[in-house]
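One file, start21.pdb, is given below (PDB, C-alpha atoms).
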```pdb
ATOM      1  CA  MET A  76     -50.423 -28.657 -45.359  1.00  0.00           C
ATOM      2  CA  ASP A  77     -50.367 -32.040 -47.074  1.00  0.00           C
ATOM      3  CA  ARG A  78     -54.127 -32.269 -47.535  1.00  0.00           C
ATOM      4  CA  LYS A  79     -55.877 -33.014 -50.819  1.00  0.00           C
ATOM      5  CA  LEU A  80     -56.909 -30.023 -52.908  1.00  0.00           C
ATOM      6  CA  PRO A  81     -60.167 -30.025 -54.889  1.00  0.00           C
ATOM      7  CA  TYR A  82     -58.259 -28.721 -57.946  1.00  0.00           C
ATOM      8  CA  SER A  83     -54.739 -27.822 -59.011  1.00  0.00           C
ATOM      9  CA  PRO A  84     -54.136 -24.075 -58.871  1.00  0.00           C
ATOM     10  CA  LEU A  85     -50.824 -24.571 -60.654  1.00  0.00           C
ATOM     11  CA  LYS A  86     -52.381 -26.492 -63.541  1.00  0.00           C
ATOM     12  CA  GLN A  87     -55.272 -24.038 -63.779  1.00  0.00           C
ATOM     13  CA  ALA A  88     -52.832 -21.131 -64.042  1.00  0.00           C
ATOM     14  CA  MET A  89     -50.747 -22.972 -66.631  1.00  0.00           C
ATOM     15  CA  SER A  90     -53.873 -23.914 -68.584  1.00  0.00           C
ATOM     16  CA  ALA A  91     -55.009 -20.287 -68.595  1.00  0.00           C
ATOM     17  CA  GLN A  92     -51.603 -19.152 -69.874  1.00  0.00           C
ATOM     18  CA  LEU A  93     -51.513 -21.876 -72.506  1.00  0.00           C
ATOM     19  CA  GLY A  94     -55.035 -20.849 -73.552  1.00  0.00           C
ATOM     20  CA  VAL A  95     -53.817 -17.299 -74.171  1.00  0.00           C
ATOM     21  CA  GLU A  96     -50.827 -18.595 -76.132  1.00  0.00           C
ATOM     22  CA  ALA A  97     -52.974 -21.075 -78.075  1.00  0.00           C
ATOM     23  CA  ASP A  98     -55.211 -18.263 -79.314  1.00  0.00           C
ATOM     24  CA  SER A  99     -52.285 -16.290 -80.721  1.00  0.00           C
ATOM     25  CA  GLU A 100     -51.146 -16.502 -84.324  1.00  0.00           C
ATOM     26  CA  THR A 101     -48.492 -19.070 -85.226  1.00  0.00           C
ATOM     27  CA  SER A 102     -47.130 -20.960 -88.224  1.00  0.00           C
ATOM     28  CA  PHE A 103     -46.473 -24.566 -89.123  1.00  0.00           C
ATOM     29  CA  GLN A 104     -42.759 -23.787 -88.902  1.00  0.00           C
ATOM     30  CA  ALA A 105     -43.176 -22.427 -85.347  1.00  0.00           C
ATOM     31  CA  GLU A 106     -45.127 -25.542 -84.375  1.00  0.00           C
ATOM     32  CA  HIS A 107     -42.452 -27.741 -85.934  1.00  0.00           C
ATOM     33  CA  THR A 108     -39.900 -25.901 -83.816  1.00  0.00           C
ATOM     34  CA  LEU A 109     -41.926 -26.827 -80.720  1.00  0.00           C
ATOM     35  CA  ILE A 110     -42.060 -30.462 -81.846  1.00  0.00           C
ATOM     36  CA  VAL A 111     -38.302 -30.449 -82.431  1.00  0.00           C
ATOM     37  CA  GLY A 112     -38.035 -29.315 -78.802  1.00  0.00           C
ATOM     38  CA  VAL A 113     -40.128 -32.331 -77.754  1.00  0.00           C
ATOM     39  CA  CYS A 114     -37.793 -34.582 -79.751  1.00  0.00           C
ATOM     40  CA  ASP A 115     -34.782 -32.960 -78.062  1.00  0.00           C
ATOM     41  CA  ARG A 116     -36.307 -33.543 -74.622  1.00  0.00           C
ATOM     42  CA  LEU A 117     -37.035 -37.172 -75.482  1.00  0.00           C
ATOM     43  CA  GLU A 118     -33.480 -37.609 -76.717  1.00  0.00           C
ATOM     44  CA  ALA A 119     -32.218 -36.265 -73.371  1.00  0.00           C
ATOM     45  CA  ILE A 120     -34.417 -38.826 -71.568  1.00  0.00           C
ATOM     46  CA  ALA A 121     -33.019 -41.616 -73.752  1.00  0.00           C
ATOM     47  CA  ASP A 122     -29.472 -40.435 -73.035  1.00  0.00           C
ATOM     48  CA  ALA A 123     -30.171 -40.390 -69.268  1.00  0.00           C
ATOM     49  CA  LEU A 124     -31.583 -43.934 -69.109  1.00  0.00           C
ATOM     50  CA  PRO A 125     -31.679 -45.996 -66.929  1.00  0.00           C
ATOM     51  CA  GLU A 126     -32.587 -42.898 -64.857  1.00  0.00           C
ATOM     52  CA  ALA A 127     -36.372 -42.479 -64.929  1.00  0.00           C
ATOM     53  CA  PRO A 128     -37.750 -39.131 -66.142  1.00  0.00           C
ATOM     54  CA  SER A 129     -39.287 -36.834 -63.556  1.00  0.00           C
ATOM     55  CA  HIS A 130     -43.042 -36.845 -63.074  1.00  0.00           C
ATOM     56  CA  GLU A 131     -43.332 -33.153 -64.028  1.00  0.00           C
ATOM     57  CA  SER A 132     -41.369 -33.518 -67.244  1.00  0.00           C
ATOM     58  CA  LEU A 133     -43.208 -36.682 -68.171  1.00  0.00           C
ATOM     59  CA  SER A 134     -46.648 -35.203 -67.536  1.00  0.00           C
ATOM     60  CA  GLU A 135     -46.094 -32.421 -70.057  1.00  0.00           C
ATOM     61  CA  LEU A 136     -44.390 -34.691 -72.605  1.00  0.00           C
ATOM     62  CA  ASN A 137     -47.215 -37.210 -72.420  1.00  0.00           C
ATOM     63  CA  ALA A 138     -49.815 -34.475 -72.954  1.00  0.00           C
ATOM     64  CA  LEU A 139     -47.877 -33.361 -76.026  1.00  0.00           C
ATOM     65  CA  LEU A 140     -47.546 -36.935 -77.327  1.00  0.00           C
ATOM     66  CA  ARG A 141     -51.180 -37.860 -76.696  1.00  0.00           C
ATOM     67  CA  PHE A 142     -52.967 -34.618 -77.529  1.00  0.00           C
ATOM     68  CA  GLY A 143     -50.781 -31.737 -78.717  1.00  0.00           C
ATOM     69  CA  ILE A 144     -48.867 -33.263 -81.604  1.00  0.00           C
ATOM     70  CA  PRO A 145     -51.891 -35.232 -82.919  1.00  0.00           C
ATOM     71  CA  ALA A 146     -53.943 -31.996 -82.926  1.00  0.00           C
ATOM     72  CA  HIS A 147     -51.162 -30.278 -84.878  1.00  0.00           C
ATOM     73  CA  CYS A 148     -51.129 -33.146 -87.388  1.00  0.00           C
ATOM     74  CA  ARG A 149     -54.896 -33.045 -87.952  1.00  0.00           C
ATOM     75  CA  HIS A 150     -54.745 -29.297 -88.547  1.00  0.00           C
ATOM     76  CA  GLU A 151     -51.820 -29.727 -90.919  1.00  0.00           C
ATOM     77  CA  GLU A 152     -53.669 -32.410 -92.891  1.00  0.00           C
ATOM     78  CA  GLN A 153     -56.680 -30.132 -93.268  1.00  0.00           C
ATOM     79  CA  ALA A 154     -54.484 -27.254 -94.431  1.00  0.00           C
ATOM     80  CA  LEU A 155     -52.749 -29.486 -96.997  1.00  0.00           C
ATOM     81  CA  LYS A 156     -56.088 -30.798 -98.239  1.00  0.00           C
ATOM     82  CA  SER A 157     -57.450 -27.248 -98.600  1.00  0.00           C
ATOM     83  CA  ALA A 158     -54.321 -26.066-100.402  1.00  0.00           C
ATOM     84  CA  LEU A 159     -54.451 -28.976-102.846  1.00  0.00           C
ATOM     85  CA  GLU A 160     -58.177 -28.544-103.512  1.00  0.00           C
ATOM     86  CA  SER A 161     -57.880 -24.810-104.124  1.00  0.00           C
ATOM     87  CA  GLU A 162     -55.038 -25.148-106.624  1.00  0.00           C
ATOM     88  CA  GLU A 163     -55.839 -26.339-110.127  1.00  0.00           C
ATOM     89  CA  GLY A 164     -53.115 -28.167-111.971  1.00  0.00           C
ATOM     90  CA  THR A 165     -51.279 -29.302-108.853  1.00  0.00           C
ATOM     91  CA  PRO A 166     -48.808 -32.031-109.853  1.00  0.00           C
ATOM     92  CA  GLY A 167     -49.954 -35.528-108.987  1.00  0.00           C
ATOM     93  CA  TRP A 168     -46.857 -36.157-106.898  1.00  0.00           C
ATOM     94  CA  LEU A 169     -47.945 -33.429-104.466  1.00  0.00           C
ATOM     95  CA  HIS A 170     -51.271 -35.232-103.958  1.00  0.00           C
ATOM     96  CA  HIS A 171     -49.352 -38.464-103.330  1.00  0.00           C
ATOM     97  CA  ALA A 172     -47.000 -36.636-100.958  1.00  0.00           C
ATOM     98  CA  ALA A 173     -49.960 -35.275 -98.968  1.00  0.00           C
ATOM     99  CA  ALA A 174     -51.441 -38.783 -98.761  1.00  0.00           C
ATOM    100  CA  LEU A 175     -48.098 -40.084 -97.502  1.00  0.00           C
ATOM    101  CA  ILE A 176     -47.958 -37.329 -94.870  1.00  0.00           C
ATOM    102  CA  THR A 177     -51.435 -38.314 -93.653  1.00  0.00           C
ATOM    103  CA  ALA A 178     -50.459 -42.001 -93.500  1.00  0.00           C
ATOM    104  CA  GLU A 179     -47.293 -41.161 -91.595  1.00  0.00           C
ATOM    105  CA  HIS A 180     -49.309 -39.065 -89.134  1.00  0.00           C
ATOM    106  CA  LEU A 181     -51.376 -42.147 -88.321  1.00  0.00           C
ATOM    107  CA  ASP A 182     -48.259 -44.294 -87.878  1.00  0.00           C
ATOM    108  CA  ASN A 183     -46.619 -41.614 -85.739  1.00  0.00           C
ATOM    109  CA  GLU A 184     -49.704 -41.244 -83.551  1.00  0.00           C
ATOM    110  CA  ILE A 185     -49.709 -44.968 -82.791  1.00  0.00           C
ATOM    111  CA  ILE A 186     -46.044 -44.759 -81.803  1.00  0.00           C
ATOM    112  CA  MET A 187     -46.671 -41.610 -79.719  1.00  0.00           C
ATOM    113  CA  LEU A 188     -49.406 -43.348 -77.713  1.00  0.00           C
ATOM    114  CA  GLU A 189     -47.208 -46.403 -77.194  1.00  0.00           C
ATOM    115  CA  LEU A 190     -44.288 -44.194 -76.176  1.00  0.00           C
ATOM    116  CA  ALA A 191     -46.378 -42.191 -73.688  1.00  0.00           C
ATOM    117  CA  GLU A 192     -47.544 -45.415 -72.059  1.00  0.00           C
ATOM    118  CA  ALA A 193     -44.037 -46.897 -72.022  1.00  0.00           C
ATOM    119  CA  LEU A 194     -42.604 -43.755 -70.413  1.00  0.00           C
ATOM    120  CA  GLU A 195     -45.237 -43.831 -67.669  1.00  0.00           C
ATOM    121  CA  ASP A 196     -44.724 -47.559 -67.063  1.00  0.00           C
ATOM    122  CA  TYR A 197     -40.979 -47.106 -66.843  1.00  0.00           C
ATOM    123  CA  ARG A 198     -41.282 -44.211 -64.408  1.00  0.00           C
ATOM    124  CA  ASP A 199     -43.844 -46.017 -62.235  1.00  0.00           C
ATOM    125  CA  ARG A 200     -42.219 -49.447 -62.188  1.00  0.00           C
ATOM    126  CA  GLY A 201     -38.567 -48.453 -62.408  1.00  0.00           C
ATOM    127  CA  GLU A 202     -37.661 -51.613 -64.308  1.00  0.00           C
ATOM    128  CA  LYS A 203     -34.046 -50.753 -65.142  1.00  0.00           C
ATOM    129  CA  ALA A 204     -33.796 -53.942 -67.223  1.00  0.00           C
ATOM    130  CA  ARG A 205     -36.220 -52.362 -69.731  1.00  0.00           C
ATOM    131  CA  ALA A 206     -34.109 -49.224 -70.233  1.00  0.00           C
ATOM    132  CA  ASN A 207     -32.679 -50.460 -73.537  1.00  0.00           C
ATOM    133  CA  ALA A 208     -36.125 -51.224 -74.968  1.00  0.00           C
ATOM    134  CA  LEU A 209     -37.461 -47.836 -73.888  1.00  0.00           C
ATOM    135  CA  GLY A 210     -34.374 -46.092 -75.269  1.00  0.00           C
ATOM    136  CA  TYR A 211     -34.870 -47.841 -78.603  1.00  0.00           C
ATOM    137  CA  LEU A 212     -38.545 -46.775 -78.761  1.00  0.00           C
ATOM    138  CA  ILE A 213     -37.687 -43.171 -77.881  1.00  0.00           C
ATOM    139  CA  ARG A 214     -34.886 -43.012 -80.467  1.00  0.00           C
ATOM    140  CA  HIS A 215     -37.086 -44.615 -83.115  1.00  0.00           C
ATOM    141  CA  PHE A 216     -39.776 -42.004 -82.481  1.00  0.00           C
ATOM    142  CA  PHE A 217     -37.645 -38.869 -82.518  1.00  0.00           C
ATOM    143  CA  THR A 218     -35.635 -40.039 -85.527  1.00  0.00           C
ATOM    144  CA  GLN A 219     -38.824 -40.803 -87.453  1.00  0.00           C
ATOM    145  CA  MET A 220     -40.474 -37.533 -86.364  1.00  0.00           C
ATOM    146  CA  ARG A 221     -37.503 -35.394 -87.402  1.00  0.00           C
ATOM    147  CA  ARG A 222     -37.375 -37.101 -90.819  1.00  0.00           C
ATOM    148  CA  HIS A 223     -41.131 -36.741 -91.219  1.00  0.00           C
ATOM    149  CA  MET A 224     -41.076 -33.016 -90.467  1.00  0.00           C
ATOM    150  CA  ALA A 225     -38.239 -32.466 -92.958  1.00  0.00           C
ATOM    151  CA  TRP A 226     -40.373 -34.228 -95.597  1.00  0.00           C
ATOM    152  CA  GLU A 227     -43.433 -32.138 -94.699  1.00  0.00           C
ATOM    153  CA  GLU A 228     -41.457 -28.928 -94.927  1.00  0.00           C
ATOM    154  CA  LYS A 229     -40.220 -29.920 -98.386  1.00  0.00           C
ATOM    155  CA  VAL A 230     -43.768 -30.654 -99.566  1.00  0.00           C
ATOM    156  CA  ILE A 231     -45.059 -27.354 -98.119  1.00  0.00           C
ATOM    157  CA  GLU A 232     -42.157 -25.504 -99.780  1.00  0.00           C
ATOM    158  CA  GLU A 233     -43.085 -27.085-103.137  1.00  0.00           C
ATOM    159  CA  LEU A 234     -46.736 -26.122-102.681  1.00  0.00           C
ATOM    160  CA  ARG A 235     -45.766 -22.509-101.973  1.00  0.00           C
ATOM    161  CA  ALA A 236     -43.395 -22.390-104.934  1.00  0.00           C
ATOM    162  CA  LYS A 237     -46.046 -23.656-107.352  1.00  0.00           C
ATOM    163  CA  PRO A 238     -46.627 -20.983-110.013  1.00  0.00           C
ATOM    164  CA  GLU A 239     -49.945 -19.147-109.781  1.00  0.00           C
TER     165      GLU A 239
END
```

Could the structure of this file be written out as structure tokens, please?
Amino acid sequence: MDRKLPYSPLKQAMSAQLGVEADSETSFQAEHTLIVGVCDRLEAIADALPEAPSHESLSELNALLRFGIPAHCRHEEQALKSALESEEGTPGWLHHAAALITAEHLDNEIIMLELAEALEDYRDRGEKARANALGYLIRHFFTQMRRHMAWEEKVIEELRAKPE
């Protein structure tokens, strides 16, 4: 019963379910709620150090850090760009705010990739002496991400409130 399988039935089933969910309507606020959940899970990992995160938990988190959140950010940037281009008379500060959001997305993506790699290394090597460094990186990321999303939500709120 411990033989190699040519594919993962579990992952295929999960992928199919996620595909159905991915094709359903959502909002930036709903996606931010999911990202807050990622931050909460990372905070729990940081709190549990030097205990290494489980492989299952880490696999999903790393997929979110490497692919999911960056895809959300690219979509958000495009939506902001479209909103700013379609609105005449948009205050200059909103254009600057959108540029700052895009720059922060790039910075955050670099940190997310570094964090995903650090989490995997820590799990695989079990170097308890590096727990403090990993904890610092995790806390830096989720603190920065929570602040960034609050800023984005403020900018989006201002865009929506702009008089027609």

Problem - Within 12 Å of file point (-52.4, -32.1, -88.1), counting only C-alpha atoms, expressed as an NGL selection string - result: :A and (103 or 106-107 or 142-156 or 173 or 176-181 or 183-184 or 224 or 227)

Practice task
Grab the CA of Arg198 in chain A to CA of Leu85 in chain A distance for me, in Å with one decimal place.
Solution key: 22.2 Å

Problem - Pairwise distance for CA of His223 in chain A and CA of Thr108 in chain A, rounded to one decimal in Å - result: 13.2 Å

Practice task
Considering all atoms listed in the file, state which residue in the set A:Lys229, A:His130, A:Arg235, A:Arg214 is at the smallest distance from Ala172 in chain A.
Solution key: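 Looking only at the distances to Ala172 in chain A, the closest residue turns out to be A:Lys229.
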
Problem - Pick from A:Leu124, A:Met187, A:Ala174, A:Ala158, whichever lies nearest to Ala138 in chain A using all atoms listed in the file - result: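 So, comparing all the options, the nearest one is A:Met187.
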
Handout entry: Option closest in space to Glu163 in chain A, from A:Ser99, A:Gly94, A:Ala123, A:Leu234 [counting all atoms listed in the file]
Key = A:Leu234
